[in-house]
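Structure data follow from query-v5.txt (compact mmCIF, C-alpha atoms):
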```
# COMPACT_ATOMS: atom_id res chain seq x y z
CA MET A 1 63.53 60.02 157.92
CA LYS A 2 62.89 62.98 155.65
CA PHE A 3 65.02 66.04 156.19
CA GLY A 4 65.38 69.33 154.37
CA THR A 5 68.24 70.83 152.40
CA LEU A 6 70.18 73.93 153.35
CA PHE A 7 70.52 76.43 150.49
CA VAL A 8 72.97 79.29 150.70
CA ILE A 9 72.18 82.13 148.29
CA SER A 10 74.63 84.93 147.52
CA GLY A 11 74.92 87.65 144.94
CA PRO A 12 76.11 91.24 144.77
CA SER A 13 73.96 94.14 145.91
CA GLY A 14 71.72 94.93 142.91
CA SER A 15 71.60 91.32 141.67
CA GLY A 16 67.98 91.22 142.84
CA LYS A 17 68.40 88.25 145.18
CA GLY A 18 66.07 89.72 147.82
CA THR A 19 63.21 90.13 145.33
CA ILE A 20 63.78 86.63 143.94
CA LEU A 21 63.82 85.02 147.39
CA ASN A 22 60.62 86.74 148.49
CA LYS A 23 58.89 85.08 145.54
CA VAL A 24 60.55 81.70 146.14
CA ILE A 25 59.56 81.43 149.81
CA ASP A 26 55.88 81.58 148.89
CA ASP A 27 56.50 77.84 148.45
CA ALA A 28 55.31 76.30 151.72
CA ASN A 29 58.19 73.85 151.99
CA VAL A 30 60.87 76.52 152.20
CA SER A 31 61.84 78.73 155.12
CA LEU A 32 64.16 81.67 155.35
CA SER A 33 66.36 81.37 158.42
CA ILE A 34 66.06 84.27 160.87
CA SER A 35 69.39 85.88 161.75
CA ALA A 36 70.57 86.72 165.25
CA THR A 37 71.80 90.24 165.97
CA THR A 38 73.03 92.38 168.83
CA ARG A 39 71.62 95.59 167.38
CA GLN A 40 68.56 97.25 168.92
CA PRO A 41 65.18 96.42 167.35
CA ARG A 42 63.87 99.23 165.14
CA SER A 43 60.30 100.40 165.47
CA GLY A 44 57.98 97.59 164.34
CA GLU A 45 60.64 94.86 164.38
CA LYS A 46 59.68 91.76 166.38
CA ASP A 47 61.99 89.34 168.15
CA GLY A 48 61.88 85.91 166.48
CA VAL A 49 60.25 87.35 163.35
CA HIS A 50 62.68 89.89 161.86
CA TYR A 51 65.67 88.89 163.95
CA HIS A 52 66.58 87.01 167.08
CA PHE A 53 67.60 90.02 169.14
CA MET A 54 70.17 89.33 171.87
CA THR A 55 72.82 90.98 174.02
CA ARG A 56 76.43 90.94 172.90
CA GLU A 57 77.21 88.71 175.89
CA LYS A 58 74.61 86.14 174.79
CA PHE A 59 75.84 86.28 171.15
CA LEU A 60 79.44 85.67 172.24
CA SER A 61 78.37 82.70 174.38
CA GLU A 62 76.54 81.26 171.33
CA ILE A 63 79.81 81.53 169.37
CA GLU A 64 81.64 79.89 172.28
CA ASN A 65 79.11 77.00 172.19
CA ASN A 66 79.63 76.47 168.43
CA ASN A 67 76.05 77.52 167.77
CA VAL A 68 76.91 80.26 165.25
CA LEU A 69 77.37 79.06 161.67
CA GLU A 70 78.66 82.40 160.38
CA TYR A 71 78.74 85.95 161.68
CA ASN A 72 80.14 89.36 160.99
CA GLU A 73 80.28 92.76 162.64
CA TYR A 74 78.72 95.80 160.98
CA CYS A 75 78.63 99.29 162.54
CA GLY A 76 79.54 97.84 165.92
CA ASN A 77 76.77 95.18 165.91
CA LEU A 78 77.09 91.43 165.44
CA TYR A 79 74.91 89.58 162.90
CA GLY A 80 74.91 85.82 162.43
CA THR A 81 73.12 82.54 161.79
CA LEU A 82 72.29 80.17 164.65
CA LYS A 83 73.02 76.52 163.96
CA SER A 84 70.17 75.41 166.28
CA GLU A 85 67.68 77.51 164.28
CA VAL A 86 68.77 75.96 160.95
CA GLU A 87 68.92 72.41 162.30
CA THR A 88 65.43 72.57 163.81
CA LEU A 89 63.95 73.71 160.49
CA LEU A 90 65.83 71.03 158.50
CA ALA A 91 64.76 68.31 160.95
CA SER A 92 61.10 69.29 160.43
CA GLY A 93 61.59 68.37 156.74
CA LYS A 94 61.70 71.94 155.48
CA ASP A 95 64.27 73.33 153.12
CA VAL A 96 66.06 76.34 154.54
CA ILE A 97 67.36 79.31 152.58
CA LEU A 98 70.11 81.54 153.91
CA GLU A 99 70.76 84.79 152.06
CA ILE A 100 74.36 85.63 152.95
CA ASP A 101 77.47 87.17 151.47
CA VAL A 102 80.36 85.23 149.99
CA ASN A 103 82.37 85.24 153.23
CA GLY A 104 79.44 83.93 155.28
CA ALA A 105 78.85 81.26 152.64
CA LYS A 106 82.44 80.06 153.00
CA GLN A 107 82.11 79.86 156.79
CA ILE A 108 78.90 77.81 156.55
CA ALA A 109 80.23 75.38 153.95
CA LYS A 110 82.94 74.41 156.47
CA SER A 111 80.48 73.18 159.09
CA MET A 112 77.29 72.11 157.28
CA GLU A 113 76.32 70.39 154.06
CA CYS A 114 74.68 72.96 151.84
CA VAL A 115 73.83 73.78 148.23
CA ARG A 116 75.24 77.13 147.18
CA VAL A 117 73.59 79.31 144.55
CA PHE A 118 75.05 82.53 143.19
CA ILE A 119 72.81 85.14 141.58
CA LEU A 120 74.38 87.24 138.82
CA PRO A 121 73.13 90.43 137.19
CA PRO A 122 72.82 90.13 133.39
CA SER A 123 75.54 92.79 132.95
CA MET A 124 77.55 95.26 135.02
CA GLU A 125 75.65 98.06 133.24
CA THR A 126 72.35 96.69 134.54
CA LEU A 127 73.80 96.33 138.04
CA LYS A 128 74.90 99.99 137.96
CA GLN A 129 71.46 101.09 136.73
CA ARG A 130 69.66 99.10 139.43
CA LEU A 131 71.86 100.57 142.15
CA SER A 132 71.48 104.13 140.77
CA LEU A 133 67.68 103.78 140.62
CA ARG A 134 67.60 103.28 144.37
CA GLY A 135 68.57 106.95 144.57
CA THR A 136 70.29 106.42 147.90
CA GLU A 137 73.81 106.10 146.55
CA THR A 138 76.38 108.87 146.12
CA ASP A 139 78.85 108.50 143.24
CA GLU A 140 81.45 107.33 145.73
CA THR A 141 79.34 104.62 147.42
CA LEU A 142 78.10 103.57 143.95
CA ASN A 143 81.67 103.01 142.78
CA ASN A 144 82.47 101.18 145.99
CA ARG A 145 79.51 98.87 145.45
CA ILE A 146 80.53 98.17 141.84
CA ASN A 147 84.06 97.32 142.97
CA GLN A 148 82.69 95.07 145.70
CA ALA A 149 80.37 93.39 143.18
CA HIS A 150 83.39 92.59 141.00
CA SER A 151 85.23 90.88 143.84
CA GLU A 152 82.09 88.98 144.92
CA ILE A 153 81.46 87.75 141.37
CA ASP A 154 84.97 86.26 141.43
CA GLU A 155 83.57 83.77 143.97
CA ALA A 156 80.70 82.62 141.72
CA TYR A 157 82.98 80.02 140.08
CA TYR A 158 83.09 78.10 143.37
CA TYR A 159 79.34 77.90 143.94
CA ASP A 160 77.23 74.89 142.96
CA TYR A 161 74.80 76.76 140.73
CA VAL A 162 74.78 80.13 139.00
CA VAL A 163 71.53 81.88 138.03
CA VAL A 164 71.45 85.04 135.91
CA ASN A 165 68.69 87.42 137.00
CA ASP A 166 67.75 88.84 133.62
CA GLU A 167 63.98 88.28 133.77
CA LEU A 168 62.69 88.06 137.35
CA GLU A 169 60.10 85.32 136.71
CA ASP A 170 62.66 83.21 134.87
CA ALA A 171 65.18 83.54 137.71
CA VAL A 172 62.50 82.61 140.28
CA LYS A 173 61.56 79.55 138.20
CA LYS A 174 65.20 78.46 138.03
CA ILE A 175 65.71 78.76 141.79
CA LYS A 176 62.50 76.78 142.37
CA SER A 177 63.72 74.10 139.95
CA ILE A 178 67.02 73.86 141.83
CA LEU A 179 65.08 73.34 145.08
CA GLU A 180 62.87 70.65 143.47
CA VAL A 181 65.75 68.82 141.84
CA GLU A 182 67.82 68.77 145.03
CA ARG A 183 64.91 66.84 146.61
CA LEU A 184 65.57 64.11 144.02
CA ARG A 185 69.14 63.51 145.21
CA ALA A 186 69.67 59.83 145.95
CA SER A 187 70.53 60.69 149.58
CA LYS A 188 67.13 62.42 149.96
CA MET A 189 65.28 59.57 148.20
CA LYS A 190 66.83 56.87 150.38
CA PHE A 191 63.54 56.18 152.19
CA LYS A 192 61.81 55.56 148.84
CA ILE A 193 64.45 53.06 147.75
CA ASP A 194 64.32 51.41 151.19
CA ARG A 195 60.55 51.03 150.88
CA LEU A 196 60.88 49.06 147.63
CA LYS A 197 63.42 46.74 149.21
CA LYS A 198 61.04 45.58 151.94
CA MET B 1 82.88 77.33 125.14
CA LYS B 2 79.50 75.77 125.75
CA PHE B 3 79.37 72.02 126.04
CA GLY B 4 76.67 69.54 126.89
CA THR B 5 76.19 67.22 129.84
CA LEU B 6 76.20 63.44 129.68
CA PHE B 7 73.23 61.85 131.47
CA VAL B 8 73.18 58.16 132.24
CA ILE B 9 69.69 56.80 132.92
CA SER B 10 69.05 53.38 134.43
CA GLY B 11 66.11 51.57 135.91
CA PRO B 12 64.73 48.05 136.01
CA SER B 13 62.71 46.60 133.16
CA GLY B 14 59.15 47.83 133.78
CA SER B 15 60.23 51.10 135.42
CA GLY B 16 59.01 52.88 132.29
CA LYS B 17 62.32 54.54 131.46
CA GLY B 18 61.92 54.03 127.72
CA THR B 19 58.53 55.77 127.65
CA ILE B 20 59.85 58.62 129.80
CA LEU B 21 62.94 59.14 127.64
CA ASN B 22 60.93 59.22 124.40
CA LYS B 23 58.99 62.16 125.85
CA VAL B 24 62.11 63.88 127.20
CA ILE B 25 64.05 63.83 123.92
CA ASP B 26 61.33 65.88 122.22
CA ASP B 27 63.40 68.68 123.73
CA ALA B 28 65.67 69.85 120.90
CA ASN B 29 68.75 70.24 123.10
CA VAL B 30 68.91 66.59 124.06
CA SER B 31 70.11 63.62 122.02
CA LEU B 32 69.97 59.93 122.69
CA SER B 33 73.30 58.33 121.88
CA ILE B 34 73.12 55.60 119.23
CA SER B 35 74.68 52.30 120.33
CA ALA B 36 77.09 50.23 118.30
CA THR B 37 76.34 46.52 117.76
CA THR B 38 77.69 43.50 115.93
CA ARG B 39 74.26 41.97 115.40
CA GLN B 40 72.65 41.92 111.96
CA PRO B 41 70.22 44.75 111.16
CA ARG B 42 66.59 43.66 111.36
CA SER B 43 64.19 44.54 108.58
CA GLY B 44 63.70 48.33 108.57
CA GLU B 45 66.66 49.13 110.82
CA LYS B 46 69.06 51.72 109.44
CA ASP B 47 72.76 52.06 110.11
CA GLY B 48 73.51 55.28 112.05
CA VAL B 49 69.83 55.66 113.00
CA HIS B 50 68.86 52.64 115.07
CA TYR B 51 72.40 51.36 115.69
CA HIS B 52 75.89 51.73 114.35
CA PHE B 53 76.15 48.27 112.79
CA MET B 54 79.67 46.88 112.57
CA THR B 55 81.61 43.65 112.30
CA ARG B 56 82.93 41.96 115.40
CA GLU B 57 86.45 42.72 114.19
CA LYS B 58 85.71 46.44 113.91
CA PHE B 59 83.98 46.45 117.37
CA LEU B 60 87.01 44.76 118.97
CA SER B 61 89.36 47.29 117.37
CA GLU B 62 87.18 50.12 118.79
CA ILE B 63 87.62 48.56 122.25
CA GLU B 64 91.36 48.28 121.61
CA ASN B 65 91.46 52.01 120.71
CA ASN B 66 89.65 52.99 123.95
CA ASN B 67 86.68 54.20 121.93
CA VAL B 68 84.09 52.06 123.74
CA LEU B 69 82.72 53.58 126.96
CA GLU B 70 80.81 50.46 127.98
CA TYR B 71 79.77 47.24 126.30
CA ASN B 72 78.28 43.85 126.93
CA GLU B 73 77.58 40.63 125.07
CA TYR B 74 74.02 39.37 124.62
CA CYS B 75 73.09 36.23 122.63
CA GLY B 76 76.53 36.22 121.02
CA ASN B 77 76.38 39.86 119.86
CA LEU B 78 78.28 42.84 121.24
CA TYR B 79 76.46 46.06 122.15
CA GLY B 80 78.19 49.23 123.33
CA THR B 81 78.56 53.00 123.42
CA LEU B 82 81.17 54.76 121.29
CA LYS B 83 83.12 57.49 123.06
CA SER B 84 83.60 59.41 119.77
CA GLU B 85 79.81 59.48 119.23
CA VAL B 86 79.14 60.88 122.72
CA GLU B 87 81.99 63.40 122.60
CA THR B 88 80.94 64.81 119.22
CA LEU B 89 77.39 65.40 120.50
CA LEU B 90 78.62 67.02 123.75
CA ALA B 91 81.04 69.27 121.85
CA SER B 92 78.15 70.53 119.70
CA GLY B 93 76.59 71.85 122.94
CA LYS B 94 73.92 69.16 123.15
CA ASP B 95 73.10 67.17 126.25
CA VAL B 96 73.37 63.44 125.68
CA ILE B 97 71.25 60.75 127.31
CA LEU B 98 72.43 57.16 127.57
CA GLU B 99 69.88 54.58 128.63
CA ILE B 100 71.96 51.76 130.08
CA ASP B 101 71.91 49.16 132.83
CA VAL B 102 73.64 49.51 136.18
CA ASN B 103 76.80 47.72 135.04
CA GLY B 104 77.18 49.90 131.94
CA ALA B 105 76.62 52.98 134.12
CA LYS B 106 79.48 51.94 136.39
CA GLN B 107 81.81 51.45 133.41
CA ILE B 108 80.98 54.90 132.01
CA ALA B 109 81.38 56.74 135.31
CA LYS B 110 84.99 55.51 135.37
CA SER B 111 85.96 57.25 132.13
CA MET B 112 83.61 60.23 131.69
CA GLU B 113 81.98 62.87 133.83
CA CYS B 114 78.27 62.15 133.88
CA VAL B 115 75.07 62.74 135.84
CA ARG B 116 73.38 59.49 136.77
CA VAL B 117 69.61 59.18 137.20
CA PHE B 118 67.83 56.06 138.43
CA ILE B 119 64.15 55.50 137.62
CA LEU B 120 62.15 53.56 140.20
CA PRO B 121 58.71 51.98 139.90
CA PRO B 122 56.29 53.24 142.60
CA SER B 123 56.09 49.71 144.07
CA MET B 124 57.19 46.16 143.27
CA GLU B 125 53.49 45.31 142.75
CA THR B 126 53.23 47.90 140.00
CA LEU B 127 56.45 46.65 138.42
CA LYS B 128 55.05 43.11 138.35
CA GLN B 129 51.77 44.31 136.84
CA ARG B 130 53.57 46.31 134.14
CA LEU B 131 55.72 43.33 133.20
CA SER B 132 52.71 40.95 133.17
CA LEU B 133 50.73 43.31 130.94
CA ARG B 134 53.35 42.94 128.22
CA GLY B 135 52.03 39.40 127.90
CA THR B 136 55.39 38.19 126.64
CA GLU B 137 56.64 36.83 129.95
CA THR B 138 56.30 33.30 131.28
CA ASP B 139 56.04 32.89 135.06
CA GLU B 140 59.70 31.93 135.12
CA THR B 141 61.03 34.88 133.14
CA LEU B 142 58.71 37.16 135.14
CA ASN B 143 60.24 35.93 138.41
CA ASN B 144 63.71 36.32 136.93
CA ARG B 145 62.97 39.91 135.97
CA ILE B 146 61.61 40.70 139.44
CA ASN B 147 64.74 39.25 141.04
CA GLN B 148 66.92 41.20 138.66
CA ALA B 149 64.93 44.38 139.41
CA HIS B 150 65.65 43.89 143.13
CA SER B 151 69.39 43.66 142.58
CA GLU B 152 69.37 46.66 140.18
CA ILE B 153 67.42 48.77 142.68
CA ASP B 154 70.22 48.10 145.20
CA GLU B 155 72.40 50.31 142.99
CA ALA B 156 69.98 53.27 143.09
CA TYR B 157 71.60 54.51 146.31
CA TYR B 158 74.78 55.30 144.38
CA TYR B 159 73.18 57.36 141.62
CA ASP B 160 73.02 61.17 141.66
CA TYR B 161 69.25 61.43 141.35
CA VAL B 162 66.32 59.09 141.88
CA VAL B 163 62.96 59.62 140.15
CA VAL B 164 59.87 57.56 140.97
CA ASN B 165 57.75 56.87 137.88
CA ASP B 166 54.30 56.96 139.48
CA GLU B 167 52.63 59.41 137.10
CA LEU B 168 54.31 59.49 133.67
CA GLU B 169 53.93 63.26 133.10
CA ASP B 170 55.31 64.00 136.56
CA ALA B 171 58.35 61.76 135.98
CA VAL B 172 59.00 63.39 132.58
CA LYS B 173 58.79 66.84 134.19
CA LYS B 174 61.28 65.80 136.87
CA ILE B 175 63.80 64.46 134.36
CA LYS B 176 63.46 67.66 132.32
CA SER B 177 64.03 69.73 135.49
CA ILE B 178 67.19 67.74 136.23
CA LEU B 179 68.46 68.49 132.71
CA GLU B 180 67.66 72.21 133.09
CA VAL B 181 69.20 72.51 136.53
CA GLU B 182 72.40 70.74 135.50
CA ARG B 183 72.82 73.52 132.90
CA LEU B 184 73.02 75.97 135.83
CA ARG B 185 76.08 74.27 137.36
CA ALA B 186 78.83 76.83 137.95
CA SER B 187 81.14 74.87 135.62
CA LYS B 188 78.58 75.20 132.80
CA MET B 189 77.96 78.90 133.56
CA LYS B 190 81.65 79.79 133.52
CA PHE B 191 81.35 81.71 130.25
CA LYS B 192 78.59 83.89 131.76
CA ILE B 193 80.72 84.73 134.80
CA ASP B 194 83.73 85.40 132.52
CA ARG B 195 81.63 87.81 130.44
CA LEU B 196 80.83 89.94 133.48
CA LYS B 197 84.48 90.11 134.44
CA LYS B 198 85.54 91.74 131.15
```

Go ahead and express the file in the form of structure tokens.
Amino acid sequence: MKFGTLFVISGPSGSGKGTILNKVIDDANVSLSISATTRQPRSGEKDGVHYHFMTREKFLSEIENNNVLEYNEYCGNLYGTLKSEVETLLASGKDVILEIDVNGAKQIAKSMECVRVFILPPSMETLKQRLSLRGTETDETLNNRINQAHSEIDEAYYYDYVVVNDELEDAVKKIKSILEVERLRASKMKFKIDRLKK
Amino acid sequence: MKFGTLFVISGPSGSGKGTILNKVIDDANVSLSISATTRQPRSGEKDGVHYHFMTREKFLSEIENNNVLEYNEYCGNLYGTLKSEVETLLASGKDVILEIDVNGAKQIAKSMECVRVFILPPSMETLKQRLSLRGTETDETLNNRINQAHSEIDEAYYYDYVVVNDELEDAVKKIKSILEVERLRASKMKFKIDRLKK
């Protein structure tokens, strides 16, 4: 049986991971997992497309049933990843990408086999510039984000792969290569070896 | 400090691993390790280029000094891989490829960190055809090689990666991707993470 690989991708705000992943998922064999949340849909957001929207009661019962791989609370709302969602995609032979923070990545690694990739900015200067260019940050939130980036980068040592996002196209190519190469793992190629043994 | 990765590549006779590797080592960052042997140089063979030629006494003392990663005896001559040779190349930042059989691969994995890649033929039919085309095999040696291929392929399950050599260019591309991706391992990227932490 062919089955997909779960990839967990982290990186500090400003590392460019969102932009990279949007380019990577153009590949038909890769899906981004859709998160579950208890927050209200914003105008234009569709259930099952942008998020799986659910009541707090439902979310808590999913946790109770061990169907939440990782979650956190932000501004009074719960956000998380449903195990059933990820497992269905993997079973269909697709690779699944989860874009989550370092704490979520740790939670997931406890309950599912996954390949973890950390995206680094080329320098802290560049990170600062990228965050400033957004124009939405005050000096205080900017400093907070830089401090948070430092503590997140401390976790990069414990990931499987590290990709520096210096040139966007190069970083996209590297992530795609990681996806391709993970399909060559002996465990994933078992059916090909089996076939020769017949 | 940057250091290279040791790749151990195996595959049955007729899998095409030699042809693949000749194309892969065109990449300047990869070296094939030169084996040591006690057999006499053939006409045109140069010491330190085709083999490290040495006396049996010298070879045995290298074994004694734990400087032989793997070896075997064939037609009364010893053939093996010198640890000092591999370590010097790795320390210079180069990746090193060793093309060895499944038994040699097992010996090496015991004493050095390495990434093991197994090259499969697309089918046993193709393997048979490739071996027959060499025109150097009698029916008996051909059957022996096929039997040996079967028992070698049993070991493919325990390698890190498995590459099917169906189309040569595709197989070369896959091996090159494996080499590239292994350079993105967090342990190899440590110096880049360190740099951001300064």

List as CSV every residue of chain A that is in contact with chain B, defined as an atom at most 9 Å from one of its atoms (using only C-alpha atoms), together with the nearest atom pair and the distance in Å rounded to one decimal, sorted by chain and then rising number.
```
residue,atom,partner,partner_atom,distance
A:Val117,CA,B:Ala186,CA,8.8
A:Phe118,CA,B:Ala186,CA,8.6
A:Leu120,CA,B:Ile193,CA,7.9
A:Pro121,CA,B:Leu196,CA,8.6
A:Pro122,CA,B:Leu196,CA,8.0
A:Ser123,CA,B:Leu196,CA,6.0
A:Met124,CA,B:Leu196,CA,6.4
A:His150,CA,B:Lys197,CA,7.1
A:Ile153,CA,B:Ile193,CA,7.3
A:Asp154,CA,B:Lys197,CA,8.0
A:Ala156,CA,B:Ala186,CA,7.2
A:Tyr157,CA,B:Ala186,CA,5.7
A:Tyr158,CA,B:Ala186,CA,7.0
A:Tyr159,CA,B:Ala186,CA,6.1
A:Asp160,CA,B:Ala186,CA,5.6
A:Tyr161,CA,B:Arg185,CA,4.4
A:Val162,CA,B:Ala186,CA,5.3
A:Val163,CA,B:Leu184,CA,6.5
A:Val164,CA,B:Lys192,CA,8.3
A:Lys174,CA,B:Val181,CA,7.3
A:Ile175,CA,B:Val181,CA,8.9
A:Ser177,CA,B:Ser177,CA,6.3
A:Ile178,CA,B:Val181,CA,5.9
A:Glu180,CA,B:Ser177,CA,8.1
A:Val181,CA,B:Ile178,CA,5.9
A:Glu182,CA,B:Tyr161,CA,8.3
A:Arg183,CA,B:Tyr161,CA,8.7
A:Leu184,CA,B:Tyr161,CA,5.3
A:Arg185,CA,B:Tyr161,CA,4.4
A:Ala186,CA,B:Tyr161,CA,4.9
A:Ser187,CA,B:Tyr157,CA,7.1
A:Lys188,CA,B:Val162,CA,8.8
A:Met189,CA,B:Val162,CA,6.4
A:Lys190,CA,B:Tyr157,CA,6.7
A:Lys192,CA,B:Val164,CA,8.3
A:Ile193,CA,B:Ala156,CA,7.2
A:Arg195,CA,B:Ser123,CA,8.2
A:Leu196,CA,B:Ser123,CA,6.0
A:Lys197,CA,B:His150,CA,7.1
```

Query raised in the report: Quick one, how far is atom CA of Ser33 of chain A from atom CA of Glu137 of chain A?
Result: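 About the pair atom CA of Ser33 of chain A and atom CA of Glu137 of chain A: they are 28.4 Å apart.
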
Query raised in the report: Hey, can you check how far atom CA of Ile34 of chain A sits from atom CA of Tyr51 of chain A?
Result: 5.6 Å

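Using only C-alpha atoms, the smallest distance between any of A:Ser132, A:Asn144, A:Thr81, A:Asn66 and Leu98 of chain A comes from A:Thr81.
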
Query raised in the report: Distance atom CA of Leu90 of chain B-atom CA of Asn65 of chain B, one decimal place?
Result: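 Atom CA of Asn65 of chain B lies 20.0 Å from atom CA of Leu90 of chain B.
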
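Between Met112 of chain B and the residues B:Leu21, B:Val49, B:Leu32, B:Val8, the shortest atom-to-atom distance, using only C-alpha atoms, involves B:Val8.
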
Set the distance at 8 Å and use all atoms listed in the file: which residues neighbour Gly80 of chain A once local chain neighbours fewer than 2 positions away are removed? I'd like the list as a short mmCIF file (atom, residue, chain, number, x, y, z; two decimals) with C-alpha atoms, in the frame of the given file.
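Output (result.cif):
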```cif
data_model
loop_
_atom_site.label_atom_id
_atom_site.label_comp_id
_atom_site.auth_asym_id
_atom_site.auth_seq_id
_atom_site.Cartn_x
_atom_site.Cartn_y
_atom_site.Cartn_z
CA SER A 35 69.39 85.88 161.75
CA ALA A 36 70.57 86.72 165.25
CA THR A 37 71.80 90.24 165.97
CA VAL A 68 76.91 80.26 165.25
CA LEU A 69 77.37 79.06 161.67
CA GLU A 70 78.66 82.40 160.38
CA TYR A 71 78.74 85.95 161.68
CA ASN A 72 80.14 89.36 160.99
CA LEU A 78 77.09 91.43 165.44
CA LEU A 82 72.29 80.17 164.65
#
```

Name the residues in contact with Asp101 of chain A at a cut-off of 8 Å, using only C-alpha atoms, excluding same-chain residues fewer than 3 positions from it; report them as a CSV table (one decimal) with C-alpha atoms, keeping the file's coordinate frame.
```
chain,number,residue,atom,x,y,z
A,9,ILE,CA,72.2,82.1,148.3
A,10,SER,CA,74.6,84.9,147.5
A,11,GLY,CA,74.9,87.6,144.9
A,12,PRO,CA,76.1,91.2,144.8
A,104,GLY,CA,79.4,83.9,155.3
A,105,ALA,CA,78.8,81.3,152.6
```

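Distance check against Lys173 of chain B using only C-alpha atoms: of B:Leu6, B:Gly14, B:Ile20, B:Val102, the minimum falls on B:Ile20.
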
**Report entry** Long-range neighbours of Ser13 of chain B as a ChimeraX atom specification, 10 Å cut-off, only C-alpha atoms, 6 positions minimum in chain
**Finding:** /B:101,120-121,127-128,130-131,145-146,148-149,152

Hey, can you spit out that residue selection with C-alpha atoms as a PDB file, in the coordinates of the input?
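Result file follows (out.pdb):
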```
ATOM      1  CA  ASP B 101      71.910  49.160 132.830  1.00  0.00           C
ATOM      2  CA  LEU B 120      62.150  53.560 140.200  1.00  0.00           C
ATOM      3  CA  PRO B 121      58.710  51.980 139.900  1.00  0.00           C
ATOM      4  CA  LEU B 127      56.450  46.650 138.420  1.00  0.00           C
ATOM      5  CA  LYS B 128      55.050  43.110 138.350  1.00  0.00           C
ATOM      6  CA  ARG B 130      53.570  46.310 134.140  1.00  0.00           C
ATOM      7  CA  LEU B 131      55.720  43.330 133.200  1.00  0.00           C
ATOM      8  CA  ARG B 145      62.970  39.910 135.970  1.00  0.00           C
ATOM      9  CA  ILE B 146      61.610  40.700 139.440  1.00  0.00           C
ATOM     10  CA  GLN B 148      66.920  41.200 138.660  1.00  0.00           C
ATOM     11  CA  ALA B 149      64.930  44.380 139.410  1.00  0.00           C
ATOM     12  CA  GLU B 152      69.370  46.660 140.180  1.00  0.00           C
TER      13      GLU B 152
END
```

Query raised in the report: Nearest to Asn29 of chain A among A:Asp47, A:Glu167, A:Glu113, A:Asp95, with distances taken over only C-alpha atoms: which residue is it?
Result: A:Asp95

Is it possible to add N, CA and C atoms to segment 169-182 of chain A and hand it back as a tab-separated table (two decimals), keeping the file's coordinate frame?
```
chain	number	residue	atom	x	y	z
A	169	GLU	N	60.90	86.55	136.63
A	169	GLU	CA	60.10	85.32	136.71
A	169	GLU	C	60.93	84.10	136.31
A	170	ASP	N	61.80	84.30	135.33
A	170	ASP	CA	62.66	83.21	134.87
A	170	ASP	C	63.66	82.82	135.96
A	171	ALA	N	64.22	83.81	136.63
A	171	ALA	CA	65.18	83.54	137.71
A	171	ALA	C	64.49	82.82	138.87
A	172	VAL	N	63.26	83.25	139.20
A	172	VAL	CA	62.50	82.61	140.28
A	172	VAL	C	62.23	81.14	139.92
A	173	LYS	N	61.85	80.91	138.67
A	173	LYS	CA	61.56	79.55	138.20
A	173	LYS	C	62.82	78.67	138.32
A	174	LYS	N	63.95	79.23	137.96
A	174	LYS	CA	65.20	78.46	138.03
A	174	LYS	C	65.55	78.10	139.47
A	175	ILE	N	65.41	79.06	140.38
A	175	ILE	CA	65.71	78.76	141.79
A	175	ILE	C	64.75	77.68	142.30
A	176	LYS	N	63.47	77.79	141.94
A	176	LYS	CA	62.50	76.78	142.37
A	176	LYS	C	62.86	75.41	141.81
A	177	SER	N	63.32	75.37	140.55
A	177	SER	CA	63.72	74.10	139.95
A	177	SER	C	64.92	73.50	140.69
A	178	ILE	N	65.85	74.35	141.08
A	178	ILE	CA	67.02	73.86	141.83
A	178	ILE	C	66.54	73.22	143.14
A	179	LEU	N	65.60	73.88	143.82
A	179	LEU	CA	65.08	73.34	145.08
A	179	LEU	C	64.40	71.98	144.85
A	180	GLU	N	63.58	71.90	143.79
A	180	GLU	CA	62.87	70.65	143.47
A	180	GLU	C	63.84	69.52	143.15
A	181	VAL	N	64.82	69.85	142.31
A	181	VAL	CA	65.75	68.82	141.84
A	181	VAL	C	66.63	68.32	142.98
A	182	GLU	N	66.99	69.21	143.90
A	182	GLU	CA	67.82	68.77	145.03
A	182	GLU	C	67.05	67.78	145.92
```
